[in-house]
file start_16.cif (mmCIF, C-alpha atoms)
data_work
#
loop_
_atom_site.label_atom_id
_atom_site.label_comp_id
_atom_site.auth_asym_id
_atom_site.auth_seq_id
_atom_site.Cartn_x
_atom_site.Cartn_y
_atom_site.Cartn_z
CA MET A 1 -23.10 0.22 22.82
CA PRO A 2 -21.79 2.00 19.73
CA ILE A 3 -18.35 1.43 18.25
CA VAL A 4 -15.86 4.13 19.20
CA LEU A 5 -12.69 4.80 17.20
CA GLN A 6 -9.75 6.05 19.23
CA SER A 7 -5.99 6.04 19.52
CA TYR A 8 -4.39 2.81 20.70
CA ARG A 9 -2.95 3.42 24.14
CA PRO A 10 -0.94 1.13 26.42
CA GLU A 11 -3.98 0.43 28.59
CA HIS A 12 -5.62 -1.18 25.54
CA GLU A 13 -2.88 -3.77 25.11
CA PRO A 14 -4.62 -6.52 27.13
CA SER A 15 -7.81 -5.99 25.08
CA VAL A 16 -5.84 -6.19 21.85
CA ASN A 17 -4.27 -9.41 23.07
CA GLU A 18 -7.76 -10.81 23.73
CA PHE A 19 -8.86 -9.67 20.26
CA ASN A 20 -5.92 -11.49 18.68
CA GLN A 21 -6.74 -14.61 20.69
CA ARG A 22 -10.37 -14.54 19.55
CA LEU A 23 -9.22 -14.36 15.93
CA ARG A 24 -6.81 -17.27 16.39
CA SER A 25 -9.42 -19.35 18.24
CA ALA A 26 -11.88 -18.80 15.42
CA GLY A 27 -9.37 -20.12 12.90
CA ALA A 28 -8.18 -16.90 11.32
CA ASP A 29 -4.81 -16.92 9.53
CA ALA A 30 -2.03 -16.88 12.11
CA ASP A 31 -0.54 -13.78 10.45
CA LEU A 32 -3.71 -11.78 11.09
CA VAL A 33 -2.95 -10.18 14.43
CA PHE A 34 -2.98 -6.57 15.47
CA TYR A 35 0.05 -4.88 16.97
CA GLU A 36 0.66 -6.07 20.53
CA SER A 37 2.29 -2.80 21.47
CA ALA A 38 0.51 0.56 21.38
CA GLU A 39 3.79 2.28 20.53
CA PRO A 40 4.82 1.64 16.92
CA ARG A 41 8.23 -0.01 16.73
CA TRP A 42 8.61 1.20 13.15
CA LEU A 43 8.43 4.95 12.67
CA PRO A 44 7.22 6.03 16.11
CA ALA A 45 5.99 9.62 16.34
CA THR A 46 8.92 10.65 18.48
CA ALA A 47 11.54 10.04 15.79
CA ASN A 48 10.45 12.32 12.92
CA PRO A 49 7.37 14.57 13.02
CA ASP A 50 6.99 14.36 9.24
CA LEU A 51 7.17 10.57 9.02
CA TYR A 52 5.50 8.43 11.63
CA ASN A 53 2.93 5.72 12.34
CA GLU A 54 -0.13 5.82 14.54
CA PHE A 55 -2.44 3.00 15.59
CA PHE A 56 -6.18 3.24 16.13
CA LEU A 57 -8.73 0.83 17.59
CA ALA A 58 -12.45 0.19 17.20
CA LEU A 59 -13.79 -0.30 20.71
CA ASP A 60 -17.14 -1.80 21.64
CA ASN A 61 -17.72 -1.00 25.30
CA GLY A 62 -14.00 -1.49 25.94
CA THR A 63 -13.71 -4.65 23.82
CA VAL A 64 -11.46 -4.33 20.78
CA ARG A 65 -13.29 -5.24 17.58
CA GLY A 66 -10.67 -4.01 15.14
CA GLY A 67 -7.79 -1.67 14.45
CA TYR A 68 -5.70 -0.04 11.77
CA ALA A 69 -2.42 1.78 11.28
CA LEU A 70 -1.94 5.16 9.65
CA LYS A 71 1.47 6.28 8.40
CA HIS A 72 1.87 10.02 7.98
CA GLN A 73 4.37 11.12 5.34
CA MET A 74 5.07 14.15 3.19
CA PHE A 75 4.55 13.83 -0.55
CA SER A 76 5.46 16.00 -3.51
CA PHE A 77 2.85 16.74 -6.15
CA ALA A 78 3.02 17.84 -9.78
CA ASP A 79 1.97 21.38 -8.87
CA GLY A 80 5.07 21.71 -6.71
CA SER A 81 3.19 21.44 -3.43
CA ILE A 82 4.34 19.28 -0.52
CA ARG A 83 1.45 17.84 1.48
CA GLU A 84 0.96 15.27 4.18
CA VAL A 85 -0.58 12.06 2.87
CA GLY A 86 -1.75 9.14 4.97
CA TYR A 87 -1.08 5.48 4.24
CA TYR A 88 -3.82 3.19 5.57
CA HIS A 89 -2.42 -0.19 6.48
CA HIS A 90 -2.92 -3.27 8.62
CA PRO A 91 -6.68 -2.90 8.98
CA LEU A 92 -8.10 -5.80 10.90
CA SER A 93 -11.71 -6.37 11.88
CA GLU A 94 -13.38 -9.07 13.97
CA SER A 95 -15.82 -9.41 11.09
CA ILE A 96 -13.33 -11.80 9.45
CA VAL A 97 -14.48 -14.40 11.98
CA ASN A 98 -17.83 -12.99 13.12
CA GLN A 99 -20.22 -11.25 10.73
CA ALA A 100 -22.00 -9.64 13.68
CA HIS A 101 -19.21 -7.06 13.44
CA ALA A 102 -19.50 -6.52 9.70
CA ILE A 103 -19.68 -2.75 10.10
CA VAL A 104 -16.28 -2.47 11.78
CA GLY A 105 -14.19 -2.67 8.60
CA GLY A 106 -16.02 0.25 7.04
CA LEU A 107 -15.81 2.31 10.24
CA LEU A 108 -12.03 1.79 10.40
CA LEU A 109 -11.57 3.08 6.86
CA ARG A 110 -13.93 5.97 7.39
CA ASP A 111 -12.09 7.02 10.51
CA ALA A 112 -8.81 7.02 8.59
CA MET A 113 -10.40 9.07 5.81
CA GLN A 114 -11.56 11.65 8.32
CA ARG A 115 -8.13 11.89 9.95
CA SER A 116 -6.32 12.04 6.62
CA PRO A 117 -8.49 12.83 3.58
CA LEU A 118 -5.42 12.48 1.34
CA LEU A 119 -5.10 8.74 1.84
CA TYR A 120 -3.69 5.80 -0.05
CA CYS A 121 -3.45 2.05 0.27
CA LEU A 122 -0.65 -0.02 -1.22
CA GLY A 123 -0.03 -3.69 -1.82
CA MET A 124 -3.05 -5.52 -0.43
CA GLY A 125 -2.35 -8.83 -2.12
CA GLY A 126 -4.51 -8.46 -5.21
CA TYR A 127 -8.01 -7.51 -6.32
CA ASP A 128 -9.59 -10.65 -4.91
CA ARG A 129 -8.91 -9.47 -1.34
CA PRO A 130 -11.62 -7.69 0.72
CA LEU A 131 -9.87 -4.32 1.13
CA PRO A 132 -9.18 -3.59 -2.55
CA LYS A 133 -12.69 -4.75 -3.39
CA MET A 134 -14.10 -2.31 -0.86
CA LEU A 135 -11.94 0.56 -2.09
CA ALA A 136 -12.94 -0.04 -5.70
CA ARG A 137 -16.61 -0.06 -4.75
CA LEU A 138 -16.16 3.17 -2.80
CA GLY A 139 -14.89 4.86 -5.94
CA TRP A 140 -11.20 5.07 -5.08
CA SER A 141 -8.86 5.37 -8.06
CA HIS A 142 -6.54 2.40 -8.32
CA CYS A 143 -4.01 0.63 -10.48
CA LEU A 144 -1.56 -2.25 -10.31
CA ILE A 145 2.09 -1.42 -9.80
CA PRO A 146 4.13 -3.66 -12.07
CA PHE A 147 6.18 -6.50 -10.61
CA TYR A 148 9.59 -7.38 -11.99
CA PHE A 149 11.94 -10.27 -11.37
CA ARG A 150 15.41 -11.21 -12.56
CA ILE A 151 16.63 -14.76 -12.30
CA VAL A 152 20.27 -14.78 -11.26
CA HIS A 153 20.77 -18.55 -10.82
CA PRO A 154 18.45 -20.28 -13.32
CA ALA A 155 19.04 -23.86 -12.16
CA ARG A 156 18.26 -23.05 -8.52
CA PHE A 157 15.26 -20.95 -9.55
CA LEU A 158 13.81 -23.77 -11.61
CA LYS A 159 14.34 -26.30 -8.81
CA GLU A 160 13.21 -24.15 -5.86
CA MET A 161 10.55 -21.67 -7.03
CA GLN A 162 7.61 -23.25 -5.20
CA ALA A 163 5.09 -20.73 -6.48
CA LEU A 164 5.61 -22.11 -10.01
CA ARG A 165 6.11 -25.79 -9.21
CA THR A 166 2.40 -26.31 -8.69
CA SER A 167 1.79 -29.49 -10.67
CA SER A 168 3.72 -32.66 -11.40
CA GLY A 169 3.93 -31.69 -15.08
CA ARG A 170 5.41 -28.30 -14.29
CA ARG A 171 7.86 -29.77 -11.82
CA LEU A 172 9.05 -32.25 -14.44
CA LEU A 173 9.57 -29.57 -17.08
CA MET A 174 11.34 -27.26 -14.67
CA ASN A 175 13.61 -30.07 -13.49
CA ILE A 176 14.53 -30.90 -17.08
CA ALA A 177 15.30 -27.27 -17.84
CA ALA A 178 17.37 -27.02 -14.67
CA TYR A 179 19.44 -30.17 -14.99
CA SER A 180 19.97 -29.95 -18.75
CA GLY A 181 21.24 -26.40 -18.63
CA LEU A 182 18.58 -25.27 -21.09
CA GLY A 183 17.14 -22.90 -18.53
CA TRP A 184 20.49 -21.22 -18.06
CA VAL A 185 21.11 -20.85 -21.78
CA GLY A 186 17.67 -19.45 -22.52
CA LEU A 187 17.74 -16.96 -19.70
CA LYS A 188 21.23 -15.67 -20.37
CA ALA A 189 20.40 -15.22 -24.04
CA PHE A 190 17.35 -13.17 -23.10
CA GLN A 191 19.26 -11.01 -20.64
CA LEU A 192 22.02 -10.40 -23.19
CA LEU A 193 19.47 -9.36 -25.78
CA GLN A 194 17.86 -6.93 -23.34
CA ARG A 195 21.24 -5.47 -22.52
CA VAL A 196 22.11 -4.98 -26.19
CA ARG A 197 18.77 -3.32 -26.89
CA ALA A 198 18.98 -1.01 -23.90
CA PRO A 199 20.32 2.51 -24.21
CA GLN A 200 24.02 2.47 -23.47
CA SER A 201 24.76 4.37 -20.30
CA VAL A 202 27.90 6.16 -19.30
CA VAL A 203 30.14 4.43 -16.79
CA CYS A 204 29.08 5.34 -13.26
CA GLN A 205 30.80 5.46 -9.91
CA VAL A 206 28.86 3.23 -7.53
CA ASP A 207 29.47 3.30 -3.79
CA VAL A 208 27.82 1.38 -0.98
CA ILE A 209 27.35 3.91 1.79
CA ASP A 210 26.50 3.56 5.48
CA GLU A 211 24.24 6.58 5.63
CA PHE A 212 22.53 9.07 3.38
CA GLY A 213 24.05 12.52 3.42
CA PRO A 214 23.16 16.10 2.42
CA TRP A 215 23.95 15.23 -1.20
CA ALA A 216 20.58 13.43 -1.21
CA ASP A 217 18.81 16.76 -0.61
CA GLU A 218 20.21 18.32 -3.78
CA LEU A 219 19.34 15.22 -5.78
CA TRP A 220 15.80 15.23 -4.37
CA GLN A 221 15.25 18.90 -5.23
CA ARG A 222 16.65 18.46 -8.72
CA SER A 223 14.48 15.47 -9.62
CA LYS A 224 11.16 15.75 -7.76
CA ASP A 225 9.30 17.82 -10.33
CA ALA A 226 9.56 15.00 -12.87
CA TYR A 227 6.99 13.02 -10.86
CA THR A 228 3.26 13.58 -10.46
CA LEU A 229 3.34 12.06 -6.97
CA CYS A 230 6.20 10.78 -4.85
CA ALA A 231 7.09 10.54 -1.19
CA VAL A 232 9.63 13.11 -0.10
CA ARG A 233 13.05 11.46 -0.34
CA ASP A 234 15.32 14.02 1.23
CA CYS A 235 18.22 13.24 3.54
CA THR A 236 16.20 13.45 6.77
CA THR A 237 13.52 11.12 5.44
CA LEU A 238 16.04 8.62 4.11
CA ARG A 239 17.92 8.56 7.40
CA THR A 240 14.62 7.82 9.15
CA LEU A 241 13.65 5.03 6.74
CA TYR A 242 17.14 3.54 6.39
CA PRO A 243 19.00 4.45 9.57
CA ALA A 244 22.74 4.06 9.68
CA GLY A 245 23.65 0.78 11.22
CA ASP A 246 20.61 -1.10 9.95
CA ARG A 247 22.31 -3.97 8.16
CA HIS A 248 19.11 -5.15 6.46
CA PHE A 249 19.60 -2.45 3.84
CA ARG A 250 22.46 -1.66 1.45
CA ARG A 251 22.48 1.95 0.35
CA ILE A 252 23.95 2.58 -3.07
CA ARG A 253 25.08 5.98 -4.28
CA VAL A 254 25.43 6.42 -8.06
CA ARG A 255 27.46 9.20 -9.64
CA GLN A 256 28.46 10.15 -13.18
CA HIS A 257 31.48 12.43 -13.66
CA SER A 258 31.42 13.00 -9.88
CA LYS A 259 27.84 14.27 -10.00
CA ASP A 260 25.15 12.44 -8.04
CA ILE A 261 22.54 11.01 -10.39
CA GLY A 262 20.68 8.66 -8.10
CA TRP A 263 20.62 6.11 -5.34
CA ALA A 264 19.02 2.78 -4.55
CA VAL A 265 18.32 0.74 -1.46
CA VAL A 266 18.53 -3.02 -1.82
CA GLY A 267 18.20 -5.86 0.61
CA GLU A 268 17.64 -9.57 0.97
CA ARG A 269 14.11 -10.65 1.77
CA ARG A 270 13.30 -12.88 4.73
CA LYS A 271 12.61 -16.49 3.86
CA ASP A 272 9.22 -17.01 2.26
CA GLN A 273 7.57 -20.34 1.54
CA LYS A 274 6.73 -19.47 -2.05
CA TYR A 275 10.40 -19.02 -2.86
CA GLY A 276 11.52 -22.24 -1.23
CA SER A 277 15.20 -22.04 -0.26
CA LEU A 278 15.97 -19.33 -2.81
CA ARG A 279 17.79 -16.26 -1.62
CA VAL A 280 15.68 -13.37 -2.86
CA GLY A 281 17.01 -9.86 -3.17
CA SER A 282 14.88 -6.80 -3.65
CA ILE A 283 15.38 -3.37 -5.15
CA ILE A 284 13.40 -1.82 -2.33
CA ASP A 285 13.67 1.84 -3.16
CA CYS A 286 15.36 4.07 -5.68
CA TRP A 287 15.57 7.65 -6.79
CA ALA A 288 16.83 9.65 -9.77
CA SER A 289 15.51 11.81 -12.54
CA PRO A 290 13.61 9.49 -14.89
CA GLN A 291 16.31 9.76 -17.56
CA ASP A 292 18.87 8.35 -15.09
CA ALA A 293 16.80 5.34 -14.01
CA VAL A 294 18.74 2.85 -16.19
CA PRO A 295 22.17 3.27 -14.57
CA VAL A 296 20.64 3.29 -11.08
CA ILE A 297 18.76 0.04 -11.67
CA ARG A 298 21.86 -1.52 -13.23
CA ALA A 299 23.93 -0.52 -10.21
CA ALA A 300 21.33 -1.89 -7.80
CA THR A 301 21.10 -5.15 -9.74
CA GLU A 302 24.85 -5.65 -9.85
CA GLU A 303 25.16 -4.96 -6.14
CA LEU A 304 22.53 -7.56 -5.30
CA GLU A 305 24.13 -10.12 -7.60
CA LYS A 306 27.44 -9.64 -5.77
CA THR A 307 25.73 -10.75 -2.56
CA GLY A 308 24.87 -14.09 -4.14
CA VAL A 309 21.07 -13.89 -4.32
CA ASP A 310 19.29 -16.31 -6.65
CA LEU A 311 16.45 -14.01 -7.65
CA ILE A 312 15.84 -10.26 -7.60
CA VAL A 313 12.38 -8.71 -7.36
CA SER A 314 11.00 -5.21 -7.40
CA ASN A 315 7.84 -3.18 -7.96
CA GLN A 316 8.07 0.07 -9.90
CA SER A 317 5.27 2.41 -10.92
CA HIS A 318 6.88 5.06 -13.12
CA GLY A 319 7.21 4.33 -16.82
CA ALA A 320 10.91 5.25 -16.92
CA TRP A 321 11.74 2.97 -14.00
CA CYS A 322 9.72 0.17 -15.58
CA GLY A 323 11.74 0.64 -18.75
CA ALA A 324 14.93 0.55 -16.72
CA MET A 325 13.90 -2.77 -15.16
CA GLN A 326 13.38 -4.27 -18.60
CA ALA A 327 16.66 -2.87 -19.85
CA ALA A 328 18.38 -4.58 -16.92
CA GLY A 329 17.00 -7.95 -17.98
CA PHE A 330 14.04 -8.14 -15.61
CA LEU A 331 10.91 -9.98 -16.61
CA THR A 332 7.39 -9.03 -15.55
CA ALA A 333 4.85 -11.24 -13.86
CA GLN A 334 1.34 -10.81 -12.54
CA SER A 335 1.41 -8.13 -9.88
CA ASN A 336 -0.73 -8.14 -6.75
CA PHE A 337 0.68 -4.80 -5.63
CA ILE A 338 -2.14 -2.29 -5.88
CA PHE A 339 -2.01 1.46 -5.42
CA ALA A 340 -5.36 2.97 -4.44
CA ALA A 341 -6.02 6.68 -3.84
CA SER A 342 -8.88 8.23 -1.90
CA LYS A 343 -11.11 10.59 -3.85
CA PRO A 344 -9.45 13.78 -2.51
CA LEU A 345 -6.02 12.36 -3.35
CA ALA A 346 -7.15 11.22 -6.78
CA ALA A 347 -8.52 14.72 -7.43
CA LEU A 348 -4.97 16.06 -7.06
CA LEU A 349 -3.82 13.46 -9.58
CA HIS A 350 -6.54 14.19 -12.12
CA PRO A 351 -6.64 12.83 -14.77
CA PHE A 352 -5.52 9.67 -12.97
CA ASP A 353 -5.25 7.52 -16.09
CA GLU A 354 -2.64 9.93 -17.44
CA THR A 355 -0.73 10.78 -14.28
CA ARG A 356 -0.48 7.30 -12.82
CA SER A 357 2.40 6.28 -15.08
CA ARG A 358 4.43 9.16 -13.66
CA ILE A 359 3.87 8.52 -9.96
CA HIS A 360 6.85 7.04 -8.15
CA PHE A 361 5.92 4.22 -5.79
CA THR A 362 8.15 1.38 -4.71
CA ARG A 363 7.97 -1.30 -2.00
CA ALA A 364 9.40 1.28 0.37
CA ASP A 365 6.11 3.18 0.27
CA GLY A 366 4.26 0.24 1.80
CA ASP A 367 4.52 -1.45 5.15
CA GLY A 368 7.01 -4.15 4.34
CA LEU A 369 10.27 -2.52 5.38
CA PRO A 370 10.52 -3.95 8.87
CA ARG A 371 8.61 -7.15 8.17
CA ASN A 372 10.17 -8.38 4.96
CA PHE A 373 13.86 -7.55 5.37
CA MET B 1 -36.84 21.77 -3.54
CA PRO B 2 -37.08 18.01 -2.96
CA SER B 3 -37.66 16.93 0.62
CA ILE B 4 -34.83 15.34 2.60
CA LEU B 5 -36.58 11.98 2.28
CA GLU B 6 -36.76 12.34 -1.51
CA GLN B 7 -33.08 13.30 -1.68
CA VAL B 8 -32.08 10.34 0.51
CA ARG B 9 -34.18 7.99 -1.63
CA ALA B 10 -32.45 9.29 -4.76
CA ILE B 11 -29.00 8.82 -3.23
CA ALA B 12 -29.87 5.31 -2.09
CA SER B 13 -31.29 4.46 -5.51
CA ASP B 14 -28.03 5.54 -7.13
CA ILE B 15 -25.74 3.77 -4.67
CA PHE B 16 -27.69 0.52 -4.54
CA SER B 17 -28.45 0.60 -8.29
CA VAL B 18 -32.13 0.07 -7.54
CA PRO B 19 -35.01 1.93 -9.27
CA LEU B 20 -36.25 4.86 -7.21
CA ALA B 21 -39.72 3.34 -7.08
CA GLN B 22 -38.29 0.44 -5.07
CA ILE B 23 -36.74 2.65 -2.37
CA HIS B 24 -39.26 3.31 0.43
CA PRO B 25 -38.96 4.76 3.91
CA GLU B 26 -39.27 1.16 5.17
CA SER B 27 -36.46 -0.12 2.92
CA THR B 28 -33.70 -1.85 4.90
CA PRO B 29 -30.56 -3.92 4.18
CA GLU B 30 -32.85 -6.94 4.47
CA THR B 31 -35.17 -5.75 1.69
CA ILE B 32 -32.52 -4.39 -0.70
CA GLU B 33 -30.12 -7.09 -1.80
CA SER B 34 -27.31 -4.76 -2.83
CA TRP B 35 -27.32 -2.94 0.53
CA ASP B 36 -24.33 -4.65 2.08
CA SER B 37 -21.76 -3.33 4.58
CA ILE B 38 -19.65 -1.70 1.88
CA GLN B 39 -22.58 0.06 0.28
CA HIS B 40 -23.74 1.06 3.76
CA LEU B 41 -20.42 2.83 4.20
CA ASN B 42 -20.72 4.31 0.72
CA LEU B 43 -24.17 5.62 1.63
CA ALA B 44 -22.86 7.23 4.81
CA LEU B 45 -19.95 8.88 3.00
CA THR B 46 -22.22 10.19 0.25
CA LEU B 47 -24.74 11.58 2.74
CA GLU B 48 -21.96 13.39 4.57
CA GLU B 49 -20.68 14.89 1.34
CA ARG B 50 -24.08 15.87 -0.08
CA PHE B 51 -25.54 17.36 3.08
CA ARG B 52 -22.20 18.56 4.53
CA VAL B 53 -22.79 16.80 7.83
CA GLN B 54 -20.65 14.54 9.99
CA LEU B 55 -22.05 11.20 11.07
CA SER B 56 -20.73 9.48 14.17
CA PRO B 57 -20.00 5.73 14.13
CA GLU B 58 -23.11 5.28 16.31
CA GLU B 59 -25.27 7.15 13.81
CA ILE B 60 -23.86 5.08 10.94
CA GLU B 61 -24.77 1.93 12.84
CA GLN B 62 -28.28 3.30 13.50
CA MET B 63 -29.00 3.89 9.80
CA LYS B 64 -31.38 0.90 9.78
CA ASP B 65 -33.90 2.06 7.17
CA ILE B 66 -34.35 4.88 4.67
CA GLY B 67 -36.93 6.69 6.80
CA ARG B 68 -34.67 6.69 9.83
CA ILE B 69 -31.79 7.94 7.69
CA ALA B 70 -33.86 10.83 6.38
CA SER B 71 -34.89 11.75 9.95
CA LEU B 72 -31.26 11.58 11.02
CA ILE B 73 -30.20 13.95 8.27
CA GLU B 74 -33.08 16.34 8.99
CA GLY B 75 -32.07 16.43 12.62
CA LYS B 76 -28.47 17.13 11.69
CA LEU B 77 -29.43 19.97 9.38
CA GLN B 78 -31.67 21.52 12.02
CA GLY B 79 -28.96 21.12 14.63
CA THR B 80 -31.01 18.82 16.85
CA PRO B 81 -29.48 15.73 18.50
CA SER B 82 -30.26 12.40 16.77
#
call {"tool": "encode", "arguments": {"input": "start_16.cif", "output": "structure tokens"}}
result
Amino acid sequence: MPIVLQSYRPEHEPSVNEFNQRLRSAGADADLVFYESAEPRWLPATANPDLYNEFFLALDNGTVRGGYALKHQMFSFADGSIREVGYYHHPLSESIVNQAHAIVGGLLLRDAMQRSPLLYCLGMGGYDRPLPKMLARLGWSHCLIPFYFRIVHPARFLKEMQALRTSSGRRLLMNIAAYSGLGWVGLKAFQLLQRVRAPQSVVCQVDVIDEFGPWADELWQRSKDAYTLCAVRDCTTLRTLYPAGDRHFRRIRVRQHSKDIGWAVVGERRKDQKYGSLRVGSIIDCWASPQDAVPVIRAATEELEKTGVDLIVSNQSHGAWCGAMQAAGFLTAQSNFIFAASKPLAALLHPFDETRSRIHFTRADGDGLPRNF
Amino acid sequence: MPSILEQVRAIASDIFSVPLAQIHPESTPETIESWDSIQHLNLALTLEERFRVQLSPEEIEQMKDIGRIASLIEGKLQGTPS
């Protein structure tokens, strides 16, 4: 019986449950499960017709062999056009535990490409993972989106950052730096130097707001043409992504001389083993004209530091935002956050090697909003 | 005008990075080392683009050898069921 790709409906939920159980029984990572509910909890189609998720399944005579999610969202391009672009995420195939179903992974991707030729993938955990390997071999255009971090409490960082404390020698050195105060001195000197070197920005009015308002529309219209590719960030979209009342996010409005110049969304990440007991804040999303990136990142950083986080992280793709991160005392580290564009999407970004530094992608453009915060 | 089989052989040679002389109608994923599941998908996508046809998941699964692929494409172009 051939594999059939179709929309995930409530009557499929028992089969998806069985699929998840087969993966667990075969020893797959406990995190690798497909959505138990056919109706997306995050961005259901009923909320906003321009920004929503759909789920699809690969069915083998009624047995689920895999599935994927497709987020539909409007994007602005350098030619001024606004087009729907799909984000392919959470693909899962039974082939991870049974090679008899090796074809399923490719069929999932192909189905997504047929439904949404303008398609991207984001994140994916690094080039050693199966999906980015497949995309590269299929000729998708791709690049790493830089990762930035700012240590707020050096002693706690040195004592708790499990991802770095990977050998007894490292742990010893980090403990010495923590307890002697050398870590604090070195870091603060670096951050001061970065601050001195950075372009001095005019004093801004920074407000934490409960909800985005119509002012965001004017800011969006004024700034969008500076980017070769960016998700639409108008008021309606922002209210969908960061609804009023959702306390996981802090929305920051930044003004100069009473004029809106940008905004940022920050939040504290859920606990993650690699960070130990550190409280980790994230600059999740941000928007401004590129020349106003520095004050917006500074405002976002200061707001997160007020909440008492130990470490701040962010991914930024655009050169101006990357520069703003460095000016705010952020360091870079190896990124595993990949942006990959289907061939039709990459054609609209041609030449990709030139335009990629002017695309605007942040963590908000991935799938981590409900999971990580 | 090259035959469909010759065109399919050329596409396969390019995708699998194998000399054309080593691509036969009997060639299968078992006889061509670089013909793995990803390159199988790549082959299907390229065939669709080159011949402007749509392949169903069943047809992609049934692409077992080069000869069968060429017959599949011929059938598609003539409008006959595979």
call {"tool": "closest_atom_pairs", "arguments": {"input": "start_16.cif", "of": "chain B", "to": "chain A", "cutoff": "6 Å", "atoms": "only C-alpha atoms", "output": "JSON lines"}}
result
{"residue": "B:Ser37", "atom": "CA", "partner": "A:Ile103", "partner_atom": "CA", "distance": 5.9}
{"residue": "B:Leu41", "atom": "CA", "partner": "A:Gly106", "partner_atom": "CA", "distance": 5.8}
{"residue": "B:Asn42", "atom": "CA", "partner": "A:Leu138", "partner_atom": "CA", "distance": 5.9}
{"residue": "B:Glu58", "atom": "CA", "partner": "A:Pro2", "partner_atom": "CA", "distance": 4.9}
call {"tool": "closest_residue", "arguments": {"input": "start_16.cif", "among": "B:Met63, B:Ile11, B:Glu33, B:Ser27", "to": "Glu49 (chain B)", "atoms": "all atoms listed in the file"}}
result
B:Ile11
call {"tool": "residues_near_point", "arguments": {"input": "start_16.cif", "point": "(-6.5, 2.0, -9.0)", "cutoff": "12 Å", "atoms": "all atoms listed in the file", "output": "JSON, numbers by chain"}}
result
{"A": [120, 121, 122, 123, 124, 126, 127, 132, 133, 134, 135, 136, 137, 138, 139, 140, 141, 142, 143, 144, 145, 317, 336, 337, 338, 339, 340, 341, 342, 343, 345, 346, 349, 352, 353, 355, 356, 357]}
call {"tool": "residues_around", "arguments": {"input": "start_16.cif", "residues": "Ile73 (chain B)", "least_positions_apart": "2", "cutoff": "8 Å", "atoms": "all atoms listed in the file", "output": "mmCIF file with C-alpha atoms, in the frame of the given file"}}
result
data_model
loop_
_atom_site.group_PDB
_atom_site.id
_atom_site.type_symbol
_atom_site.label_atom_id
_atom_site.label_comp_id
_atom_site.auth_asym_id
_atom_site.auth_seq_id
_atom_site.Cartn_x
_atom_site.Cartn_y
_atom_site.Cartn_z
ATOM 1 C CA ILE B 4 -34.830 15.340 2.600
ATOM 2 C CA PHE B 51 -25.540 17.360 3.080
ATOM 3 C CA VAL B 53 -22.790 16.800 7.830
ATOM 4 C CA ILE B 69 -31.790 7.940 7.690
ATOM 5 C CA ALA B 70 -33.860 10.830 6.380
ATOM 6 C CA SER B 71 -34.890 11.750 9.950
ATOM 7 C CA GLY B 75 -32.070 16.430 12.620
ATOM 8 C CA LYS B 76 -28.470 17.130 11.690
ATOM 9 C CA LEU B 77 -29.430 19.970 9.380
#
call {"tool": "residues_around", "arguments": {"input": "start_16.cif", "residues": "Ile15 (chain B)", "least_positions_apart": "5", "cutoff": "10 Å", "atoms": "all atoms listed in the file", "output": "list of chain:residue names"}}
result
A:Arg137, A:Leu138, B:Arg9, B:Ala10, B:Ser34, B:Trp35, B:Gln39, B:His40, B:Asn42, B:Leu43, B:Thr46
call {"tool": "residues_around", "arguments": {"input": "start_16.cif", "residues": "Asn20 (chain A)", "least_positions_apart": "6", "cutoff": "12 Å", "atoms": "only C-alpha atoms", "output": "PyMOL selection string"}}
result
chain A and resi 13-14+26-36+63-67+92-94+96-97
call {"tool": "write_last_selection", "arguments": {"input": "start_16.cif", "atoms": "C-alpha atoms", "output": "CSV table (one decimal), in the coordinates of the input"}}
result
chain,number,residue,atom,x,y,z
A,13,GLU,CA,-2.9,-3.8,25.1
A,14,PRO,CA,-4.6,-6.5,27.1
A,26,ALA,CA,-11.9,-18.8,15.4
A,27,GLY,CA,-9.4,-20.1,12.9
A,28,ALA,CA,-8.2,-16.9,11.3
A,29,ASP,CA,-4.8,-16.9,9.5
A,30,ALA,CA,-2.0,-16.9,12.1
A,31,ASP,CA,-0.5,-13.8,10.4
A,32,LEU,CA,-3.7,-11.8,11.1
A,33,VAL,CA,-3.0,-10.2,14.4
A,34,PHE,CA,-3.0,-6.6,15.5
A,35,TYR,CA,0.0,-4.9,17.0
A,36,GLU,CA,0.7,-6.1,20.5
A,63,THR,CA,-13.7,-4.6,23.8
A,64,VAL,CA,-11.5,-4.3,20.8
A,65,ARG,CA,-13.3,-5.2,17.6
A,66,GLY,CA,-10.7,-4.0,15.1
A,67,GLY,CA,-7.8,-1.7,14.4
A,92,LEU,CA,-8.1,-5.8,10.9
A,93,SER,CA,-11.7,-6.4,11.9
A,94,GLU,CA,-13.4,-9.1,14.0
A,96,ILE,CA,-13.3,-11.8,9.4
A,97,VAL,CA,-14.5,-14.4,12.0
call {"tool": "atom_distance", "arguments": {"input": "start_16.cif", "atom1": "CA of Pro44 (chain A)", "atom2": "CA of Arg247 (chain A)"}}
result
19.8 Å
call {"tool": "resolve_selection", "arguments": {"input": "start_16.cif", "expression": "the PyMOL selection byres ((chain B and resi 5) around 12)", "output": "list of chain:residue names"}}
result
B:Met1, B:Pro2, B:Ser3, B:Ile4, B:Glu6, B:Gln7, B:Val8, B:Arg9, B:Ala10, B:Ile11, B:Ala12, B:Leu20, B:Ile23, B:His24, B:Pro25, B:Glu26, B:Leu47, B:Asp65, B:Ile66, B:Gly67, B:Arg68, B:Ile69, B:Ala70, B:Ser71, B:Leu72, B:Ile73, B:Glu74
